[in-house]
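Dumped final_18.pdb below, it's PDB, C-alpha atoms:
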```pdb
MODEL        1
ATOM      1  CA  MET C   1      -6.833 -12.559  11.680
ATOM      2  CA  ALA C   2      -7.198 -13.087  15.421
ATOM      3  CA  ASN C   3     -10.978 -13.633  15.319
ATOM      4  CA  THR C   4     -11.101 -16.185  12.482
ATOM      5  CA  GLY C   5      -7.613 -17.521  11.899
ATOM      6  CA  ALA C   6      -7.754 -16.340   8.288
ATOM      7  CA  LEU C   7      -4.606 -14.963   6.684
ATOM      8  CA  ALA C   8      -4.497 -11.181   6.327
ATOM      9  CA  GLN C   9      -3.214  -9.361   3.195
ATOM     10  CA  GLY C  10      -5.857 -10.971   1.018
ATOM     11  CA  GLY C  11      -5.180 -14.555   2.099
ATOM     12  CA  ALA C  12      -1.525 -14.551   1.020
ATOM     13  CA  GLU C  13       0.706 -16.682   3.267
ATOM     14  CA  PHE C  14       3.592 -14.224   2.844
ATOM     15  CA  GLY C  15       1.361 -11.239   2.286
ATOM     16  CA  ARG C  16       3.537  -8.389   3.499
ATOM     17  CA  GLN C  17       6.832  -8.823   1.676
ATOM     18  CA  ALA C  18       8.601 -11.907   0.323
ATOM     19  CA  PHE C  19      11.734 -11.328  -1.717
ATOM     20  CA  VAL C  20      15.341 -12.320  -2.310
ATOM     21  CA  GLY C  21      18.207 -10.068  -3.333
ATOM     22  CA  LEU C  22      21.849  -9.222  -3.761
ATOM     23  CA  SER C  23      23.777  -6.345  -2.203
ATOM     24  CA  SER C  24      26.872  -4.490  -3.338
ATOM     25  CA  PRO C  25      28.664  -1.260  -2.349
ATOM     26  CA  TRP C  26      26.515   0.559  -4.941
ATOM     27  CA  GLY C  27      23.126  -0.697  -3.772
ATOM     28  CA  THR C  28      20.740  -3.629  -3.474
ATOM     29  CA  VAL C  29      18.660  -5.505  -6.053
ATOM     30  CA  THR C  30      15.639  -7.456  -4.775
ATOM     31  CA  ALA C  31      12.974  -9.532  -6.528
ATOM     32  CA  GLY C  32       9.572 -10.690  -5.246
ATOM     33  CA  ARG C  33       6.566  -9.174  -3.467
ATOM     34  CA  GLN C  34       7.573  -5.707  -2.250
ATOM     35  CA  TYR C  35       6.466  -2.251  -1.119
ATOM     36  CA  ASP C  36       6.123   0.603  -3.607
ATOM     37  CA  PRO C  37       8.394   3.703  -3.599
ATOM     38  CA  LEU C  38       5.859   5.904  -1.781
ATOM     39  CA  VAL C  39       5.876   3.509   1.165
ATOM     40  CA  ASN C  40       9.690   3.547   1.204
ATOM     41  CA  TYR C  41      10.223   7.299   0.814
ATOM     42  CA  VAL C  42       7.034   9.199   1.758
ATOM     43  CA  GLN C  43       5.208   7.130   4.395
ATOM     44  CA  GLN C  44       7.602   8.201   7.162
ATOM     45  CA  PHE C  45       6.325  11.795   6.938
ATOM     46  CA  ALA C  46       2.572  11.059   7.103
ATOM     47  CA  ALA C  47       0.651  10.915  10.374
ATOM     48  CA  SER C  48       0.103   7.191   9.792
ATOM     49  CA  GLY C  49       3.855   6.645   9.539
ATOM     50  CA  THR C  50       4.801   8.645  12.618
ATOM     51  CA  PHE C  51       2.194   8.114  15.347
ATOM     52  CA  GLY C  52      -1.233   7.384  13.811
ATOM     53  CA  GLY C  53      -0.825   3.832  12.547
ATOM     54  CA  TYR C  54      -3.168   2.337   9.960
ATOM     55  CA  MET C  55      -6.256   4.168  11.217
ATOM     56  CA  GLY C  56      -4.379   7.435  10.682
ATOM     57  CA  SER C  57      -4.154   6.743   6.928
ATOM     58  CA  HIS C  58      -5.697   9.135   4.452
ATOM     59  CA  PRO C  59      -9.330   8.079   3.764
ATOM     60  CA  ASP C  60      -9.424   4.367   2.821
ATOM     61  CA  ASP C  61      -5.625   4.593   2.423
ATOM     62  CA  LEU C  62      -6.325   5.835  -1.107
ATOM     63  CA  ASP C  63      -2.662   6.762  -1.779
ATOM     64  CA  ASN C  64      -1.330   3.504  -0.276
ATOM     65  CA  LEU C  65       0.968   5.363   2.112
ATOM     66  CA  THR C  66       0.167   2.742   4.757
ATOM     67  CA  ASN C  67       0.928  -0.147   2.363
ATOM     68  CA  THR C  68      -2.552  -1.669   2.081
ATOM     69  CA  ASN C  69      -1.383  -3.093  -1.270
ATOM     70  CA  ARG C  70       1.930  -4.654  -2.229
ATOM     71  CA  ILE C  71       3.436  -5.388  -5.640
ATOM     72  CA  ASN C  72       4.012  -8.907  -6.978
ATOM     73  CA  ASN C  73       6.714 -10.007  -9.438
ATOM     74  CA  ALA C  74       8.677  -6.822  -8.722
ATOM     75  CA  VAL C  75      12.364  -6.165  -9.305
ATOM     76  CA  LYS C  76      13.666  -3.233  -7.271
ATOM     77  CA  PHE C  77      17.028  -1.485  -7.160
ATOM     78  CA  GLU C  78      17.832   0.735  -4.192
ATOM     79  CA  SER C  79      21.052   2.683  -4.224
ATOM     80  CA  ALA C  80      23.502   3.063  -1.388
ATOM     81  CA  THR C  81      23.335   6.360   0.517
ATOM     82  CA  TYR C  82      25.546   9.149  -0.812
ATOM     83  CA  ALA C  83      25.840  12.355   1.269
ATOM     84  CA  GLY C  84      22.385  11.676   2.711
ATOM     85  CA  PHE C  85      20.735  10.882  -0.657
ATOM     86  CA  LYS C  86      19.444   7.567  -1.940
ATOM     87  CA  ALA C  87      17.082   6.495  -4.726
ATOM     88  CA  SER C  88      15.275   3.445  -6.053
ATOM     89  CA  ALA C  89      13.511   2.125  -9.129
ATOM     90  CA  LEU C  90      10.930  -0.684  -9.349
ATOM     91  CA  TYR C  91       9.436  -2.700 -12.196
ATOM     92  CA  SER C  92       6.748  -5.375 -11.940
ATOM     93  CA  PHE C  93       6.217  -7.770 -14.845
ATOM     94  CA  GLY C  94       2.574  -8.076 -15.889
ATOM     95  CA  GLY C  95       2.870 -11.760 -16.714
ATOM     96  CA  VAL C  96       0.683 -11.561 -19.828
ATOM     97  CA  ALA C  97       2.117 -13.404 -22.834
ATOM     98  CA  GLY C  98       2.544 -11.165 -25.871
ATOM     99  CA  SER C  99       1.987  -7.903 -23.950
ATOM    100  CA  MET C 100       4.703  -6.051 -22.047
ATOM    101  CA  ARG C 101       2.406  -3.253 -20.899
ATOM    102  CA  GLN C 102      -0.685  -5.129 -19.677
ATOM    103  CA  ASN C 103      -0.718  -5.355 -15.864
ATOM    104  CA  GLN C 104       2.765  -3.826 -15.609
ATOM    105  CA  ILE C 105       3.716  -1.596 -12.661
ATOM    106  CA  TRP C 106       6.716   0.691 -12.358
ATOM    107  CA  GLY C 107       7.846   3.298  -9.886
ATOM    108  CA  LEU C 108      10.628   5.637  -8.785
ATOM    109  CA  GLY C 109      11.605   7.090  -5.426
ATOM    110  CA  ALA C 110      14.279   9.209  -3.782
ATOM    111  CA  GLY C 111      15.032  10.580  -0.342
ATOM    112  CA  TYR C 112      17.395  12.719   1.681
ATOM    113  CA  THR C 113      18.251  12.713   5.382
ATOM    114  CA  GLY C 114      20.411  15.429   6.943
ATOM    115  CA  ALA C 115      20.873  17.264  10.215
ATOM    116  CA  GLY C 116      17.321  17.687  11.498
ATOM    117  CA  PHE C 117      15.825  17.689   7.989
ATOM    118  CA  ALA C 118      14.505  14.842   5.832
ATOM    119  CA  ALA C 119      12.550  14.677   2.580
ATOM    120  CA  GLY C 120      11.330  12.095   0.109
ATOM    121  CA  VAL C 121       9.377  11.703  -3.137
ATOM    122  CA  GLY C 122       7.779   8.721  -4.839
ATOM    123  CA  TYR C 123       5.862   7.842  -8.005
ATOM    124  CA  LEU C 124       3.958   4.699  -9.023
ATOM    125  CA  ASN C 125       2.272   3.827 -12.331
ATOM    126  CA  ALA C 126       0.056   0.710 -12.447
ATOM    127  CA  ARG C 127      -1.602  -0.423 -15.680
ATOM    128  CA  ASP C 128      -4.904  -2.330 -15.515
ATOM    129  CA  THR C 129      -4.896  -1.442 -11.854
ATOM    130  CA  ASN C 130      -7.962  -3.442 -10.755
ATOM    131  CA  VAL C 131      -5.992  -6.609 -11.572
ATOM    132  CA  SER C 132      -2.311  -5.643 -11.259
ATOM    133  CA  PHE C 133      -2.364  -3.579  -8.054
ATOM    134  CA  TYR C 134      -5.626  -4.374  -6.261
ATOM    135  CA  GLY C 135      -6.123  -7.945  -7.492
ATOM    136  CA  ASN C 136      -2.798  -9.585  -6.644
ATOM    137  CA  THR C 137      -3.804 -11.757  -3.662
ATOM    138  CA  PRO C 138      -5.485 -15.193  -3.502
ATOM    139  CA  ASN C 139      -8.951 -13.955  -2.481
ATOM    140  CA  LYS C 140      -9.214 -11.415  -5.330
ATOM    141  CA  GLY C 141     -10.764 -12.020  -8.743
ATOM    142  CA  THR C 142     -10.232 -11.263 -12.416
ATOM    143  CA  ALA C 143     -11.117  -8.099 -14.315
ATOM    144  CA  THR C 144     -14.817  -8.950 -14.048
ATOM    145  CA  ALA C 145     -14.674  -8.556 -10.244
ATOM    146  CA  ASN C 146     -14.254  -5.296  -8.364
ATOM    147  CA  ASN C 147     -11.028  -5.943  -6.471
ATOM    148  CA  ILE C 148     -10.915  -2.406  -5.067
ATOM    149  CA  GLY C 149     -14.033  -2.428  -2.903
ATOM    150  CA  SER C 150     -17.747  -3.053  -2.746
ATOM    151  CA  ALA C 151     -21.004  -1.148  -2.863
ATOM    152  CA  GLY C 152     -22.301  -3.577  -0.268
ATOM    153  CA  SER C 153     -25.193  -6.026  -0.226
ATOM    154  CA  ALA C 154     -27.165  -8.196   2.176
ATOM    155  CA  THR C 155     -24.200 -10.572   2.381
ATOM    156  CA  SER C 156     -21.218  -8.276   1.688
ATOM    157  CA  PRO C 157     -20.462  -5.054   3.568
ATOM    158  CA  GLU C 158     -19.608  -1.821   1.807
ATOM    159  CA  SER C 159     -15.863  -1.222   1.548
ATOM    160  CA  ASN C 160     -13.585   1.565   0.315
ATOM    161  CA  PRO C 161     -16.382   3.906  -0.837
ATOM    162  CA  VAL C 162     -13.843   6.721  -1.355
ATOM    163  CA  TYR C 163     -12.568   5.089  -4.571
ATOM    164  CA  ALA C 164     -14.184   1.620  -5.019
ATOM    165  CA  GLY C 165     -16.265   2.875  -7.948
ATOM    166  CA  TYR C 166     -13.201   3.484 -10.117
ATOM    167  CA  ALA C 167     -12.231  -0.148 -10.798
ATOM    168  CA  SER C 168     -12.467   0.393 -14.566
ATOM    169  CA  ALA C 169      -9.505   2.809 -14.618
ATOM    170  CA  LYS C 170      -6.903   1.795 -17.170
ATOM    171  CA  THR C 171      -4.049   3.319 -15.172
ATOM    172  CA  LEU C 172      -3.452   4.294 -11.552
ATOM    173  CA  GLN C 173      -0.874   6.986 -10.868
ATOM    174  CA  LEU C 174       0.355   7.775  -7.357
ATOM    175  CA  LEU C 175       2.621  10.777  -6.797
ATOM    176  CA  GLY C 176       3.706  11.954  -3.377
ATOM    177  CA  GLY C 177       6.267  13.961  -1.506
ATOM    178  CA  GLY C 178       6.996  14.783   2.097
ATOM    179  CA  ALA C 179       9.440  16.481   4.410
ATOM    180  CA  SER C 180      10.103  16.849   8.123
ATOM    181  CA  TYR C 181      12.106  19.094  10.387
ATOM    182  CA  THR C 182      13.192  18.173  13.909
ATOM    183  CA  LEU C 183      14.086  20.769  16.516
ATOM    184  CA  GLY C 184      14.794  19.465  19.975
ATOM    185  CA  ASN C 185      11.997  17.140  21.064
ATOM    186  CA  ALA C 186       9.552  18.228  18.333
ATOM    187  CA  THR C 187       9.180  17.092  14.718
ATOM    188  CA  VAL C 188       6.872  18.742  12.178
ATOM    189  CA  SER C 189       6.047  16.932   8.921
ATOM    190  CA  LEU C 190       4.201  17.810   5.726
ATOM    191  CA  VAL C 191       2.991  15.400   3.026
ATOM    192  CA  GLY C 192       1.221  15.968  -0.273
ATOM    193  CA  THR C 193      -0.102  13.250  -2.591
ATOM    194  CA  ASN C 194      -1.882  13.150  -5.935
ATOM    195  CA  VAL C 195      -3.835  10.027  -6.925
ATOM    196  CA  ARG C 196      -5.211   9.579 -10.454
ATOM    197  CA  PHE C 197      -7.586   6.864 -11.664
ATOM    198  CA  ASP C 198      -7.090   7.521 -15.373
ATOM    199  CA  SER C 199      -9.148   6.514 -18.429
ATOM    200  CA  MET C 200     -12.116   5.001 -16.621
ATOM    201  CA  GLY C 201     -14.420   2.862 -18.721
ATOM    202  CA  SER C 202     -11.749   0.382 -19.803
ATOM    203  CA  SER C 203     -12.110  -3.394 -19.568
ATOM    204  CA  SER C 204      -9.785  -3.519 -16.544
ATOM    205  CA  GLY C 205     -12.691  -3.726 -14.117
ATOM    206  CA  PRO C 206     -16.461  -3.399 -13.712
ATOM    207  CA  ASN C 207     -18.072  -0.005 -14.227
ATOM    208  CA  PRO C 208     -21.726  -0.187 -13.129
ATOM    209  CA  LEU C 209     -21.993   3.601 -12.781
ATOM    210  CA  GLY C 210     -20.688   4.238 -16.298
ATOM    211  CA  TYR C 211     -17.729   6.429 -15.357
ATOM    212  CA  THR C 212     -15.441   7.917 -18.002
ATOM    213  CA  GLY C 213     -12.494  10.287 -17.798
ATOM    214  CA  ASP C 214     -10.247  10.629 -14.729
ATOM    215  CA  ALA C 215     -10.849  10.702 -10.976
ATOM    216  CA  ILE C 216      -8.167  12.804  -9.279
ATOM    217  CA  PHE C 217      -7.543  13.049  -5.526
ATOM    218  CA  THR C 218      -5.247  15.561  -3.835
ATOM    219  CA  SER C 219      -4.316  15.181  -0.152
ATOM    220  CA  ILE C 220      -2.392  17.451   2.213
ATOM    221  CA  ASP C 221      -1.239  16.076   5.577
ATOM    222  CA  LEU C 222       0.314  18.305   8.264
ATOM    223  CA  ASN C 223       1.332  16.643  11.508
ATOM    224  CA  ALA C 224       3.576  17.105  14.513
ATOM    225  CA  ARG C 225       4.876  14.928  17.340
ATOM    226  CA  PHE C 226       6.587  15.836  20.576
ATOM    227  CA  PHE C 227       8.466  13.859  23.216
ATOM    228  CA  VAL C 228       7.091  15.137  26.513
ATOM    229  CA  THR C 229       9.600  12.875  28.263
ATOM    230  CA  PRO C 230      12.060  10.350  26.790
ATOM    231  CA  THR C 231       9.351   7.668  27.166
ATOM    232  CA  LEU C 232       6.167   9.630  26.324
ATOM    233  CA  GLN C 233       5.366  10.877  22.825
ATOM    234  CA  VAL C 234       2.227  12.750  21.735
ATOM    235  CA  GLY C 235       1.156  13.584  18.198
ATOM    236  CA  ALA C 236      -1.497  15.466  16.257
ATOM    237  CA  GLY C 237      -2.230  15.824  12.562
ATOM    238  CA  VAL C 238      -4.782  17.122  10.096
ATOM    239  CA  ASP C 239      -5.435  15.770   6.600
ATOM    240  CA  TYR C 240      -7.541  17.329   3.847
ATOM    241  CA  THR C 241      -8.452  15.328   0.736
ATOM    242  CA  HIS C 242     -10.240  16.690  -2.342
ATOM    243  CA  ARG C 243     -11.546  14.825  -5.408
ATOM    244  CA  ASN C 244     -12.506  16.450  -8.698
ATOM    245  CA  SER C 245     -15.956  16.250 -10.284
ATOM    246  CA  VAL C 246     -16.570  12.932 -12.043
ATOM    247  CA  LYS C 247     -19.539  12.434 -14.384
ATOM    248  CA  GLY C 248     -20.907  15.824 -13.398
ATOM    249  CA  ASP C 249     -21.068  15.196  -9.650
ATOM    250  CA  GLU C 250     -19.944  17.748  -7.070
ATOM    251  CA  GLY C 251     -16.724  15.951  -6.217
ATOM    252  CA  ALA C 252     -15.843  14.914  -2.689
ATOM    253  CA  LYS C 253     -13.934  16.304   0.288
ATOM    254  CA  TYR C 254     -12.644  14.595   3.406
ATOM    255  CA  LEU C 255     -11.306  16.320   6.525
ATOM    256  CA  GLN C 256      -9.548  14.207   9.145
ATOM    257  CA  LEU C 257      -8.006  14.897  12.548
ATOM    258  CA  ASP C 258      -5.539  12.448  14.124
ATOM    259  CA  LEU C 259      -4.521  12.425  17.801
ATOM    260  CA  GLY C 260      -2.188   9.957  19.476
ATOM    261  CA  ALA C 261      -0.014   9.190  22.481
ATOM    262  CA  ASP C 262       2.566   6.471  23.070
ATOM    263  CA  TYR C 263       4.222   5.529  26.361
ATOM    264  CA  ASN C 264       7.191   3.150  26.468
ATOM    265  CA  LEU C 265       7.195   0.798  29.416
ATOM    266  CA  SER C 266      10.475  -0.695  28.171
ATOM    267  CA  LYS C 267      12.468  -0.980  24.941
ATOM    268  CA  ARG C 268      10.072  -3.667  23.702
ATOM    269  CA  THR C 269       6.714  -2.855  25.303
ATOM    270  CA  ASP C 270       4.561   0.260  25.025
ATOM    271  CA  LEU C 271       1.048   1.545  25.671
ATOM    272  CA  TYR C 272      -0.700   3.617  22.999
ATOM    273  CA  ALA C 273      -3.917   5.556  22.457
ATOM    274  CA  LEU C 274      -5.207   6.804  19.084
ATOM    275  CA  THR C 275      -8.251   8.829  18.085
ATOM    276  CA  VAL C 276      -9.266   9.691  14.512
ATOM    277  CA  LEU C 277     -12.171  11.967  13.554
ATOM    278  CA  GLN C 278     -13.298  12.240   9.924
ATOM    279  CA  ARG C 279     -15.902  14.306   8.072
ATOM    280  CA  ALA C 280     -16.960  13.621   4.450
ATOM    281  CA  MET C 281     -18.626  16.041   2.040
ATOM    282  CA  GLY C 282     -19.969  15.773  -1.506
ATOM    283  CA  ARG C 283     -20.575  12.464  -3.324
ATOM    284  CA  ASP C 284     -18.271   9.467  -3.196
ATOM    285  CA  SER C 285     -17.214   6.979  -5.880
ATOM    286  CA  LEU C 286     -20.283   4.781  -5.323
ATOM    287  CA  GLY C 287     -22.609   7.610  -6.378
ATOM    288  CA  GLN C 288     -24.000   8.191  -2.890
ATOM    289  CA  PRO C 289     -23.703  11.128  -0.499
ATOM    290  CA  ALA C 290     -20.134  10.763   0.740
ATOM    291  CA  VAL C 291     -19.767   8.757   3.947
ATOM    292  CA  ALA C 292     -16.816   8.942   6.322
ATOM    293  CA  SER C 293     -14.492   5.958   5.982
ATOM    294  CA  ILE C 294     -11.544   5.677   8.378
ATOM    295  CA  ALA C 295      -8.994   3.107   7.211
ATOM    296  CA  GLY C 296      -9.352  -0.193   9.035
ATOM    297  CA  PHE C 297     -12.970   0.477  10.093
ATOM    298  CA  SER C 298     -16.237  -0.305   8.350
ATOM    299  CA  PRO C 299     -17.479   2.822   6.554
ATOM    300  CA  SER C 300     -19.889   5.019   8.482
ATOM    301  CA  SER C 301     -23.530   5.252   7.462
ATOM    302  CA  THR C 302     -23.244   9.052   7.761
ATOM    303  CA  ASP C 303     -20.777  11.770   6.821
ATOM    304  CA  LYS C 304     -19.040  11.568  10.238
ATOM    305  CA  GLN C 305     -16.983   8.902  11.977
ATOM    306  CA  ILE C 306     -14.821   8.596  15.092
ATOM    307  CA  GLY C 307     -12.321   5.810  15.668
ATOM    308  CA  VAL C 308     -10.611   5.094  18.991
ATOM    309  CA  ARG C 309      -7.976   2.511  19.726
ATOM    310  CA  LEU C 310      -6.241   1.660  23.017
ATOM    311  CA  GLY C 311      -3.583  -1.007  23.127
ATOM    312  CA  ILE C 312      -0.465  -2.551  24.538
ATOM    313  CA  ARG C 313       2.275  -3.650  22.128
ATOM    314  CA  HIS C 314       5.146  -6.074  22.698
ATOM    315  CA  LYS C 315       7.861  -6.345  20.041
ATOM    316  CA  PHE C 316       9.471  -9.740  19.584
TER
ENDMDL
END
```
Is it possible to express this structure as structure tokens?
Amino acid sequence: MANTGALAQGGAEFGRQAFVGLSSPWGTVTAGRQYDPLVNYVQQFAASGTFGGYMGSHPDDLDNLTNTNRINNAVKFESATYAGFKASALYSFGGVAGSMRQNQIWGLGAGYTGAGFAAGVGYLNARDTNVSFYGNTPNKGTATANNIGSAGSATSPESNPVYAGYASAKTLQLLGGGASYTLGNATVSLVGTNVRFDSMGSSSGPNPLGYTGDAIFTSIDLNARFFVTPTLQVGAGVDYTHRNSVKGDEGAKYLQLDLGADYNLSKRTDLYALTVLQRAMGRDSLGQPAVASIAGFSPSSTDKQIGVRLGIRHKF
């Protein structure tokens, strides 16, 4: 991090991806720390993957479309492209002696790219998710620690209130799909995701609020981008997220608007401006009136939040 010198991605020295592999005419096999299938096949259709960046993620990046979390000990096969189609499968070993299923993660993905049209789907299943998926970096703890987020204290800020309370889920399931259509200088994209924190109350993580059952989030993301000139792109998107009732609460809803512009000064340098507005309704996972929580920002103390970012980027 620029302010402290600390490593990002949870203190991991190679925290984004670190893998080795072999390629053939039929596809590629890789092994190591890698992205999940939703990142590979669905991210490109979300506002965060087109113009919005990390702050354009769905609330707290709950569906991991902006790769907040990576997968350790993963073996992935990705096929070659056939008539515009390709697919992949991933398996992560849990590393627990005598148990194949504990801490295991597996996923599938597929995509198609044709003339002006593209689509992709992805699925991820993570057992003991507080440890296997959210706890796989050096600064995270064991099952007794909440590796997903924090309710906050005098010394620790609140984080990820959208889903931090569900650390005791036995299984996390992420399912998503997206598509885009390009006509001239304009591209319109649609993404839908379903996130399930299943069988809460297990020993996978702390459960101070006594949750049981399943917490289920559904998100719909519609966005569009347009090249005003060959060097100037503008984009806009809207995302709606709904969570079911858990432990008799009223559920939660999040509405988000993303606006962005990007101007290329050269092939390697550009100027960008992003604005994200979010409104929260209902009660969040920490049992409080839902607060807005834009990814990459500290959660708001109210149900509304606005994030603005202006920057210059140089690609090496």
Need the shell around Gly307 in chain C: protein/DNA/RNA residues with any atom at most 10 Å away, counting only C-alpha atoms. Skip same-chain ones fewer than 3 positions apart. Format as JSON, numbers by chain? {"C": [55, 56, 258, 274, 275, 276, 277, 278, 293, 294, 295, 296, 297]}
CA of Asp262 in chain C to CA of Lys315 in chain C, distance in Å rounded to a single decimal: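 Taking CA of Asp262 in chain C and CA of Lys315 in chain C, their separation equals 14.2 Å.
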Between CA of Ser79 in chain C and CA of Ser48 in chain C, measure the distance and give it in Å to one decimal.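 So the answer is 25.6 Å.
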For range 84-96 of chain C: contacts at 8 Å, only C-alpha atoms, fewer than 6 positions along chain excluded, given as an MDAnalysis selection string: chainID C and resid 36:37 71:78 102:114 132
To verify the selection step, state as a list in words which residues the PyMOL selection byres ((chain C and resi 260) around 10) yields on this input.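 Output of the PyMOL selection byres ((chain C and resi 260) around 10): Ala47, Thr50, Phe51, Gly52, Gly53, Gly56, Arg225, Gln233, Val234, Gly235, Ala236, Gly237, Asp258, Leu259, Ala261, Asp262, Tyr272, Ala273, Leu274, Thr275, Val276, Val308, Arg309 and Leu310 of chain C.
Shortest atom-to-atom contact with Lys247 in chain C among C:Ser300, C:Asn67, C:Ser285, C:Asn147: C:Ser285, counting all atoms listed in the file.
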For a test of reading the model, state the distance in Å between CA of Gly176 in chain C and CA of Val191 in chain C, rounded to one decimal. 7.3 Å
When the PyMOL selection byres ((chain C and resi 148-164) around 9) is applied to the file above, which residues end up in the set, as a PyMOL selection string? chain C and resi 59-62+130+134-135+145-147+165-167+197+215+252+284-286+288+290-293+295+298-299
I'd like to know which of C:Leu232, C:Ala115, C:Val121, C:Ala126 is closest to Thr182 in chain C, using only C-alpha atoms. C:Ala115
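Comparing C:Thr28, C:Ser245, C:Gln17, C:Gln256 by their smallest distance to Thr81 in chain C, the closest is C:Thr28 (using all atoms listed in the file).
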Choose the residue, out of C:Lys140, C:Leu222, C:Arg268, C:Arg279, that has the smallest atom-to-atom separation from Ile306 in chain C; count only C-alpha atoms. C:Arg279
Among the residues C:Leu22, C:Ala118, C:Leu172, C:Ala80, the one that comes closest to Leu190 in chain C [using only C-alpha atoms]: C:Ala118
Would you pick out the contacts of Asn69 in chain C at 10 Å or less, using all atoms listed in the file, so that residues sharing its chain but fewer than 4 positions from it are not included, and give the list as an mmCIF file with C-alpha atoms, in the coordinates of the input?
```
data_model
loop_
_atom_site.group_PDB
_atom_site.id
_atom_site.type_symbol
_atom_site.label_atom_id
_atom_site.label_comp_id
_atom_site.auth_asym_id
_atom_site.auth_seq_id
_atom_site.Cartn_x
_atom_site.Cartn_y
_atom_site.Cartn_z
ATOM 1 C CA GLN C 9 -3.214 -9.361 3.195
ATOM 2 C CA GLY C 10 -5.857 -10.971 1.018
ATOM 3 C CA GLY C 15 1.361 -11.239 2.286
ATOM 4 C CA ARG C 16 3.537 -8.389 3.499
ATOM 5 C CA GLN C 34 7.573 -5.707 -2.250
ATOM 6 C CA TYR C 35 6.466 -2.251 -1.119
ATOM 7 C CA ASP C 36 6.123 0.603 -3.607
ATOM 8 C CA ASP C 61 -5.625 4.593 2.423
ATOM 9 C CA ASP C 63 -2.662 6.762 -1.779
ATOM 10 C CA ASN C 64 -1.330 3.504 -0.276
ATOM 11 C CA LEU C 65 0.968 5.363 2.112
ATOM 12 C CA PHE C 133 -2.364 -3.579 -8.054
ATOM 13 C CA TYR C 134 -5.626 -4.374 -6.261
ATOM 14 C CA GLY C 135 -6.123 -7.945 -7.492
ATOM 15 C CA ASN C 136 -2.798 -9.585 -6.644
ATOM 16 C CA THR C 137 -3.804 -11.757 -3.662
#
```
Quick one: of C:His242, C:Phe316, C:Ser301, C:Asn185, who's nearest to Thr269 in chain C, counting all atoms listed in the file?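 Nearest to Thr269 in chain C: C:Phe316.
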Residues returned when the PyMOL selection byres ((chain C and resi 282) around 8) runs on this file, as a list of chain:residue names: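 Applied to this file, the PyMOL selection byres ((chain C and resi 282) around 8) selects C:Glu250, C:Gly251, C:Ala252, C:Lys253, C:Ala280, C:Met281, C:Arg283, C:Asp284, C:Pro289, C:Ala290.
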